[in-house]
Amino acid sequence: MMFLLLVMLTACAASPQDLSGKMFTFPQETNTAHVRLNTSMEDFSAVTVCLRFFTDLVRGQMLFSLATFSSDDDFLIFTSQSANIIHLLVRDNHVIFHGQEYKLNTWSSLCATWESESGLGQLWLNGQSSTRTFISSGSNITGSPAIILGQEQDSHGGGFDIRQSFIGMITDVHMWNYVLSPCEIRRYMYELNFTPGNVLNWRALYFQMIGRVLLENKQNNCLN
């Protein structure tokens with residue numbers, strides 16, 4: 001009985017899975033439920049992360065959290081209680097992007113970029129870009145990364161706070177170790193053909209689901 005319980009609470013992909021047409025569903029506030037995404041890469045001079053999310057929650061919540069043993073806040077994307085603000089943290093440095101209006105109960109496409117050489121970061125939401133803003137320069141993200149969906153890490157792979165947990169659905173997660181061109185980002189946004197992530201690839205994803213997280217068919221609007 002205990003073995004069956006552990007299997008239910010922890011689902012791990014031992015080989016990469018094609019999650020096309022799938023989504024992770026986070027159905028309730030919790031300080032345990034999350035998805036861990038696995039990669040062998042440990043040195044990033046630049047990052048692009050893209051994903052789609054759907055939520056009805058009006059509070060700050062974590063969309064993407066990458067921590068290393070040297071920093072809990074190496075690359076984080078999270079929303080604010082205000083529906084027109086999205087936060088990006090890179091190498092413990094924080095920037096707020098205003099005017100990022102997303103609708104509740106609707107799928108939103110989000111990409112965030114950063115490069116160490118210039119220190120500039122940028123946010124893209126539903127095809128529209130923010131200004132390029134200085135965040136952090138001069139050092140790469142290095143070390144074994146713990147990449148988490150659904151929770152914010154206050155320690156490597158843990159230290160979750162229920163008040164920052166994500167409630168809703170997430171799909172189409174990709175990560176690259178370079179900055180995507182604006183054209184490639186728009187191709188992702190509009191669900192056209194694009195180069196899949198070379199760090200995280202939704203079509204060949206290594207992942208582990210822990211706690212009350214479901215892997216379901218993606219819900220799309222149907223046209224008559």
# chains A, B, ... in the order shown; residues from 1 in each chain; ligands from 1
>>> select_by_dssp(residues="region 123-191 of chain A", states="strand (DSSP E or B)", output="count of residues only")
24
>>> closest_atom_pairs(of="region 145-213 of chain A", to="region 23-34 of chain A", cutoff="12 Å", atoms="only C-alpha atoms", output="JSON lines")
{"residue": "A:Ala146", "atom": "CA", "partner": "A:His34", "partner_atom": "CA", "distance": 11.8}
{"residue": "A:Ile147", "atom": "CA", "partner": "A:His34", "partner_atom": "CA", "distance": 10.1}
{"residue": "A:Ile148", "atom": "CA", "partner": "A:His34", "partner_atom": "CA", "distance": 6.6}
{"residue": "A:Leu149", "atom": "CA", "partner": "A:His34", "partner_atom": "CA", "distance": 5.7}
{"residue": "A:Gly150", "atom": "CA", "partner": "A:His34", "partner_atom": "CA", "distance": 5.0}
{"residue": "A:Gln151", "atom": "CA", "partner": "A:His34", "partner_atom": "CA", "distance": 6.2}
{"residue": "A:Glu152", "atom": "CA", "partner": "A:Asn31", "partner_atom": "CA", "distance": 9.3}
{"residue": "A:Gln153", "atom": "CA", "partner": "A:Asn31", "partner_atom": "CA", "distance": 10.4}
{"residue": "A:Asp154", "atom": "CA", "partner": "A:Asn31", "partner_atom": "CA", "distance": 11.7}
{"residue": "A:Gly157", "atom": "CA", "partner": "A:His34", "partner_atom": "CA", "distance": 10.0}
{"residue": "A:Gly158", "atom": "CA", "partner": "A:Thr32", "partner_atom": "CA", "distance": 8.7}
{"residue": "A:Gly159", "atom": "CA", "partner": "A:Asn31", "partner_atom": "CA", "distance": 8.5}
{"residue": "A:Phe160", "atom": "CA", "partner": "A:Asn31", "partner_atom": "CA", "distance": 5.3}
{"residue": "A:Asp161", "atom": "CA", "partner": "A:Asn31", "partner_atom": "CA", "distance": 5.4}
{"residue": "A:Ile162", "atom": "CA", "partner": "A:Asn31", "partner_atom": "CA", "distance": 4.4}
{"residue": "A:Arg163", "atom": "CA", "partner": "A:Glu29", "partner_atom": "CA", "distance": 7.7}
{"residue": "A:Gln164", "atom": "CA", "partner": "A:Asn31", "partner_atom": "CA", "distance": 8.5}
{"residue": "A:Ser165", "atom": "CA", "partner": "A:Glu29", "partner_atom": "CA", "distance": 6.1}
{"residue": "A:Phe166", "atom": "CA", "partner": "A:Phe26", "partner_atom": "CA", "distance": 6.8}
{"residue": "A:Ile167", "atom": "CA", "partner": "A:Phe26", "partner_atom": "CA", "distance": 5.1}
{"residue": "A:Gly168", "atom": "CA", "partner": "A:Phe26", "partner_atom": "CA", "distance": 5.2}
{"residue": "A:Met169", "atom": "CA", "partner": "A:Thr25", "partner_atom": "CA", "distance": 4.5}
{"residue": "A:Ile170", "atom": "CA", "partner": "A:Phe24", "partner_atom": "CA", "distance": 5.3}
{"residue": "A:Thr171", "atom": "CA", "partner": "A:Met23", "partner_atom": "CA", "distance": 4.6}
{"residue": "A:Asp172", "atom": "CA", "partner": "A:Met23", "partner_atom": "CA", "distance": 7.6}
{"residue": "A:Val173", "atom": "CA", "partner": "A:Met23", "partner_atom": "CA", "distance": 9.5}
{"residue": "A:Trp202", "atom": "CA", "partner": "A:Met23", "partner_atom": "CA", "distance": 10.0}
{"residue": "A:Arg203", "atom": "CA", "partner": "A:Met23", "partner_atom": "CA", "distance": 11.9}
{"residue": "A:Phe207", "atom": "CA", "partner": "A:His34", "partner_atom": "CA", "distance": 10.4}
{"residue": "A:Gln208", "atom": "CA", "partner": "A:His34", "partner_atom": "CA", "distance": 8.4}
{"residue": "A:Met209", "atom": "CA", "partner": "A:His34", "partner_atom": "CA", "distance": 6.1}
{"residue": "A:Ile210", "atom": "CA", "partner": "A:His34", "partner_atom": "CA", "distance": 5.4}
{"residue": "A:Gly211", "atom": "CA", "partner": "A:Ala33", "partner_atom": "CA", "distance": 4.2}
{"residue": "A:Arg212", "atom": "CA", "partner": "A:Ala33", "partner_atom": "CA", "distance": 5.3}
{"residue": "A:Val213", "atom": "CA", "partner": "A:Phe26", "partner_atom": "CA", "distance": 5.2}
>>> closest_atom_pairs(of="region 70-142 of chain A", to="region 52-65 of chain A", cutoff="10 Å", atoms="only C-alpha atoms", output="Markdown table")
| residue | atom | partner | partner_atom | distance |
| --- | --- | --- | --- | --- |
| A:Asp72 | CA | A:Ser65 | CA | 8.5 |
| A:Asp73 | CA | A:Ser65 | CA | 7.4 |
| A:Asp74 | CA | A:Ser65 | CA | 8.0 |
| A:Phe75 | CA | A:Ser65 | CA | 6.1 |
| A:Leu76 | CA | A:Ser65 | CA | 4.6 |
| A:Ile77 | CA | A:Phe64 | CA | 5.2 |
| A:Phe78 | CA | A:Met62 | CA | 4.4 |
| A:Thr79 | CA | A:Gly60 | CA | 5.0 |
| A:Ser80 | CA | A:Gly60 | CA | 4.0 |
| A:Gln81 | CA | A:Arg59 | CA | 3.9 |
| A:Ser82 | CA | A:Arg59 | CA | 7.3 |
| A:Ala83 | CA | A:Val58 | CA | 7.3 |
| A:Ile85 | CA | A:Gly60 | CA | 9.5 |
| A:Ile86 | CA | A:Gly60 | CA | 9.0 |
| A:His87 | CA | A:Met62 | CA | 9.5 |
| A:Leu88 | CA | A:Phe64 | CA | 9.7 |
| A:Leu89 | CA | A:Ser65 | CA | 9.3 |
| A:Tyr102 | CA | A:Phe54 | CA | 9.7 |
| A:Lys103 | CA | A:Asp56 | CA | 8.6 |
| A:Leu104 | CA | A:Asp56 | CA | 4.9 |
| A:Asn105 | CA | A:Asp56 | CA | 5.3 |
| A:Thr106 | CA | A:Phe54 | CA | 5.6 |
| A:Trp107 | CA | A:Phe54 | CA | 4.7 |
| A:Ser108 | CA | A:Arg52 | CA | 5.4 |
| A:Ser109 | CA | A:Arg52 | CA | 4.4 |
| A:Leu110 | CA | A:Arg52 | CA | 6.0 |
| A:Cys111 | CA | A:Arg52 | CA | 8.7 |
| A:Leu125 | CA | A:Arg52 | CA | 9.6 |
| A:Asn126 | CA | A:Arg52 | CA | 9.3 |
>>> select_by_dssp(residues="region 116-209 of chain A", states="alpha helix (DSSP H)", output="MDAnalysis selection string")
chainID A and resid 182:189
>>> atom_distance(atom1="CA of Phe97 (chain A)", atom2="CA of Gly121 (chain A)")
10.2 Å
>>> atom_distance(atom1="CA of Ser130 (chain A)", atom2="CA of His98 (chain A)")
8.4 Å
>>> closest_atom_pairs(of="region 3-85 of chain A", to="region 193-199 of chain A", cutoff="10 Å", atoms="only C-alpha atoms", output="tab-separated table")
residue	atom	partner	partner_atom	distance
A:Leu37	CA	A:Val199	CA	9.9
A:Asn38	CA	A:Val199	CA	8.8
A:Thr39	CA	A:Val199	CA	6.3
A:Ser40	CA	A:Val199	CA	8.1
A:Met41	CA	A:Val199	CA	7.0
A:Glu42	CA	A:Val199	CA	9.9
A:Phe44	CA	A:Val199	CA	9.9
A:Val47	CA	A:Val199	CA	9.4
A:Thr48	CA	A:Gly197	CA	8.6
A:Val49	CA	A:Gly197	CA	8.4
A:Cys50	CA	A:Gly197	CA	8.9
>>> write_last_selection(atoms="all heavy atoms", output="PDB file, in the first residue's frame")
ATOM      1  N   LEU A  37      12.003  19.744 -13.763  1.00  0.00           N
ATOM      2  CA  LEU A  37      12.460  19.538 -15.133  1.00  0.00           C
ATOM      3  C   LEU A  37      13.967  19.301 -15.119  1.00  0.00           C
ATOM      4  O   LEU A  37      14.706  20.032 -14.450  1.00  0.00           O
ATOM      5  CB  LEU A  37      12.118  20.754 -15.999  1.00  0.00           C
ATOM      6  CG  LEU A  37      10.652  21.211 -15.943  1.00  0.00           C
ATOM      7  CD1 LEU A  37      10.450  22.438 -16.825  1.00  0.00           C
ATOM      8  CD2 LEU A  37       9.719  20.094 -16.354  1.00  0.00           C
ATOM      9  N   ASN A  38      14.414  18.307 -15.861  1.00  0.00           N
ATOM     10  CA  ASN A  38      15.799  17.857 -15.750  1.00  0.00           C
ATOM     11  C   ASN A  38      16.602  18.163 -17.008  1.00  0.00           C
ATOM     12  O   ASN A  38      16.123  17.995 -18.131  1.00  0.00           O
ATOM     13  CB  ASN A  38      15.832  16.351 -15.488  1.00  0.00           C
ATOM     14  CG  ASN A  38      15.083  15.977 -14.219  1.00  0.00           C
ATOM     15  OD1 ASN A  38      15.182  16.651 -13.202  1.00  0.00           O
ATOM     16  ND2 ASN A  38      14.303  14.904 -14.284  1.00  0.00           N
ATOM     17  N   THR A  39      17.833  18.633 -16.786  1.00  0.00           N
ATOM     18  CA  THR A  39      18.783  18.871 -17.869  1.00  0.00           C
ATOM     19  C   THR A  39      20.185  18.552 -17.371  1.00  0.00           C
ATOM     20  O   THR A  39      20.466  18.649 -16.170  1.00  0.00           O
ATOM     21  CB  THR A  39      18.721  20.333 -18.353  1.00  0.00           C
ATOM     22  OG1 THR A  39      19.697  20.520 -19.396  1.00  0.00           O
ATOM     23  CG2 THR A  39      19.024  21.319 -17.231  1.00  0.00           C
ATOM     24  N   SER A  40      21.065  18.198 -18.294  1.00  0.00           N
ATOM     25  CA  SER A  40      22.455  17.925 -17.938  1.00  0.00           C
ATOM     26  C   SER A  40      23.327  19.169 -18.058  1.00  0.00           C
ATOM     27  O   SER A  40      24.477  19.167 -17.610  1.00  0.00           O
ATOM     28  CB  SER A  40      23.024  16.817 -18.830  1.00  0.00           C
ATOM     29  OG  SER A  40      22.972  17.202 -20.190  1.00  0.00           O
ATOM     30  N   MET A  41      22.810  20.250 -18.637  1.00  0.00           N
ATOM     31  CA  MET A  41      23.604  21.470 -18.810  1.00  0.00           C
ATOM     32  C   MET A  41      23.785  22.189 -17.474  1.00  0.00           C
ATOM     33  O   MET A  41      22.866  22.238 -16.660  1.00  0.00           O
ATOM     34  CB  MET A  41      22.940  22.402 -19.822  1.00  0.00           C
ATOM     35  CG  MET A  41      22.925  21.857 -21.232  1.00  0.00           C
ATOM     36  SD  MET A  41      22.408  23.122 -22.434  1.00  0.00           S
ATOM     37  CE  MET A  41      22.398  22.159 -23.938  1.00  0.00           C
ATOM     38  N   GLU A  42      24.981  22.776 -17.266  1.00  0.00           N
ATOM     39  CA  GLU A  42      25.290  23.423 -15.992  1.00  0.00           C
ATOM     40  C   GLU A  42      25.976  24.779 -16.148  1.00  0.00           C
ATOM     41  O   GLU A  42      26.474  25.320 -15.170  1.00  0.00           O
ATOM     42  CB  GLU A  42      26.162  22.503 -15.131  1.00  0.00           C
ATOM     43  CG  GLU A  42      25.484  21.207 -14.734  1.00  0.00           C
ATOM     44  CD  GLU A  42      26.296  20.403 -13.732  1.00  0.00           C
ATOM     45  OE1 GLU A  42      27.433  20.831 -13.400  1.00  0.00           O
ATOM     46  OE2 GLU A  42      25.807  19.356 -13.274  1.00  0.00           O
ATOM     47  N   PHE A  44      25.362  28.568 -18.204  1.00  0.00           N
ATOM     48  CA  PHE A  44      24.499  29.350 -19.086  1.00  0.00           C
ATOM     49  C   PHE A  44      24.997  30.792 -19.137  1.00  0.00           C
ATOM     50  O   PHE A  44      24.938  31.511 -18.139  1.00  0.00           O
ATOM     51  CB  PHE A  44      23.055  29.323 -18.584  1.00  0.00           C
ATOM     52  CG  PHE A  44      22.491  27.940 -18.426  1.00  0.00           C
ATOM     53  CD1 PHE A  44      22.532  27.301 -17.191  1.00  0.00           C
ATOM     54  CD2 PHE A  44      21.934  27.278 -19.502  1.00  0.00           C
ATOM     55  CE1 PHE A  44      22.026  26.029 -17.037  1.00  0.00           C
ATOM     56  CE2 PHE A  44      21.422  25.992 -19.358  1.00  0.00           C
ATOM     57  CZ  PHE A  44      21.469  25.366 -18.120  1.00  0.00           C
ATOM     58  N   VAL A  47      20.024  32.876 -21.581  1.00  0.00           N
ATOM     59  CA  VAL A  47      18.851  32.035 -21.343  1.00  0.00           C
ATOM     60  C   VAL A  47      17.657  32.621 -22.080  1.00  0.00           C
ATOM     61  O   VAL A  47      17.465  33.839 -22.104  1.00  0.00           O
ATOM     62  CB  VAL A  47      18.512  31.945 -19.831  1.00  0.00           C
ATOM     63  CG1 VAL A  47      17.174  31.239 -19.615  1.00  0.00           C
ATOM     64  CG2 VAL A  47      19.606  31.237 -19.056  1.00  0.00           C
ATOM     65  N   THR A  48      16.877  31.742 -22.688  1.00  0.00           N
ATOM     66  CA  THR A  48      15.512  32.068 -23.104  1.00  0.00           C
ATOM     67  C   THR A  48      14.601  30.983 -22.547  1.00  0.00           C
ATOM     68  O   THR A  48      14.892  29.789 -22.707  1.00  0.00           O
ATOM     69  CB  THR A  48      15.355  32.118 -24.629  1.00  0.00           C
ATOM     70  OG1 THR A  48      16.231  33.109 -25.182  1.00  0.00           O
ATOM     71  CG2 THR A  48      13.917  32.459 -25.020  1.00  0.00           C
ATOM     72  N   VAL A  49      13.530  31.387 -21.892  1.00  0.00           N
ATOM     73  CA  VAL A  49      12.502  30.461 -21.401  1.00  0.00           C
ATOM     74  C   VAL A  49      11.169  30.896 -21.980  1.00  0.00           C
ATOM     75  O   VAL A  49      10.809  32.078 -21.921  1.00  0.00           O
ATOM     76  CB  VAL A  49      12.429  30.448 -19.864  1.00  0.00           C
ATOM     77  CG1 VAL A  49      11.192  29.675 -19.392  1.00  0.00           C
ATOM     78  CG2 VAL A  49      13.688  29.842 -19.266  1.00  0.00           C
ATOM     79  N   CYS A  50      10.442  29.942 -22.559  1.00  0.00           N
ATOM     80  CA  CYS A  50       9.099  30.205 -23.059  1.00  0.00           C
ATOM     81  C   CYS A  50       8.134  29.175 -22.482  1.00  0.00           C
ATOM     82  O   CYS A  50       8.492  27.995 -22.326  1.00  0.00           O
ATOM     83  CB  CYS A  50       9.048  30.127 -24.586  1.00  0.00           C
ATOM     84  SG  CYS A  50       9.922  31.452 -25.455  1.00  0.00           S
TER      85      CYS A  50
END
>>> residues_around(residues="Leu180 (chain A)", least_positions_apart="3", cutoff="9 Å", atoms="only C-alpha atoms", output="PDB file with N, CA, C and O atoms, in the first residue's frame")
ATOM      1  N   VAL A  47      20.024  32.876 -21.581  1.00  0.00           N
ATOM      2  CA  VAL A  47      18.851  32.035 -21.343  1.00  0.00           C
ATOM      3  C   VAL A  47      17.657  32.621 -22.080  1.00  0.00           C
ATOM      4  O   VAL A  47      17.465  33.839 -22.104  1.00  0.00           O
ATOM      5  N   THR A  48      16.877  31.742 -22.688  1.00  0.00           N
ATOM      6  CA  THR A  48      15.512  32.068 -23.104  1.00  0.00           C
ATOM      7  C   THR A  48      14.601  30.983 -22.547  1.00  0.00           C
ATOM      8  O   THR A  48      14.892  29.789 -22.707  1.00  0.00           O
ATOM      9  N   THR A 113      14.045  36.523 -21.697  1.00  0.00           N
ATOM     10  CA  THR A 113      15.405  36.337 -22.184  1.00  0.00           C
ATOM     11  C   THR A 113      16.392  37.103 -21.309  1.00  0.00           C
ATOM     12  O   THR A 113      16.042  38.098 -20.672  1.00  0.00           O
ATOM     13  N   TRP A 176      16.272  27.576 -23.837  1.00  0.00           N
ATOM     14  CA  TRP A 176      17.454  27.597 -24.699  1.00  0.00           C
ATOM     15  C   TRP A 176      18.629  28.223 -23.948  1.00  0.00           C
ATOM     16  O   TRP A 176      18.425  29.061 -23.050  1.00  0.00           O
ATOM     17  N   CYS A 183      11.982  37.067 -34.212  1.00  0.00           N
ATOM     18  CA  CYS A 183      11.177  36.271 -35.143  1.00  0.00           C
ATOM     19  C   CYS A 183      10.892  34.886 -34.577  1.00  0.00           C
ATOM     20  O   CYS A 183       9.762  34.382 -34.684  1.00  0.00           O
ATOM     21  N   GLU A 184      11.904  34.240 -33.989  1.00  0.00           N
ATOM     22  CA  GLU A 184      11.700  32.917 -33.398  1.00  0.00           C
ATOM     23  C   GLU A 184      10.725  32.990 -32.228  1.00  0.00           C
ATOM     24  O   GLU A 184       9.884  32.102 -32.051  1.00  0.00           O
ATOM     25  N   ILE A 185      10.834  34.037 -31.418  1.00  0.00           N
ATOM     26  CA  ILE A 185       9.920  34.177 -30.289  1.00  0.00           C
ATOM     27  C   ILE A 185       8.488  34.333 -30.783  1.00  0.00           C
ATOM     28  O   ILE A 185       7.559  33.711 -30.248  1.00  0.00           O
TER      29      ILE A 185
END
>>> closest_residue(among="A:Ser20, A:Thr68, A:Ser15, A:Asn93", to="His156 (chain A)", atoms="only C-alpha atoms")
A:Thr68
>>> residues_around(residues="Phe134 (chain A)", least_positions_apart="2", cutoff="8 Å", atoms="only C-alpha atoms", output="list in words")
Ser118, Gly119, Leu120, Gly121, Arg132 and Ser136 of chain A
>>> atom_distance(atom1="CA of Thr142 (chain A)", atom2="CA of Asp43 (chain A)")
4.5 Å
>>> closest_residue(among="A:Leu192, A:Lys22, A:Tyr206, A:Val95", to="Asn220 (chain A)", atoms="only C-alpha atoms")
A:Lys22
>>> closest_residue(among="A:Ala46, A:Ala112, A:Leu19, A:Ile96", to="Pro182 (chain A)", atoms="only C-alpha atoms")
A:Ala112
>>> closest_residue(among="A:Leu200, A:Leu66, A:Leu51, A:Leu214", to="Leu123 (chain A)", atoms="only C-alpha atoms")
A:Leu51
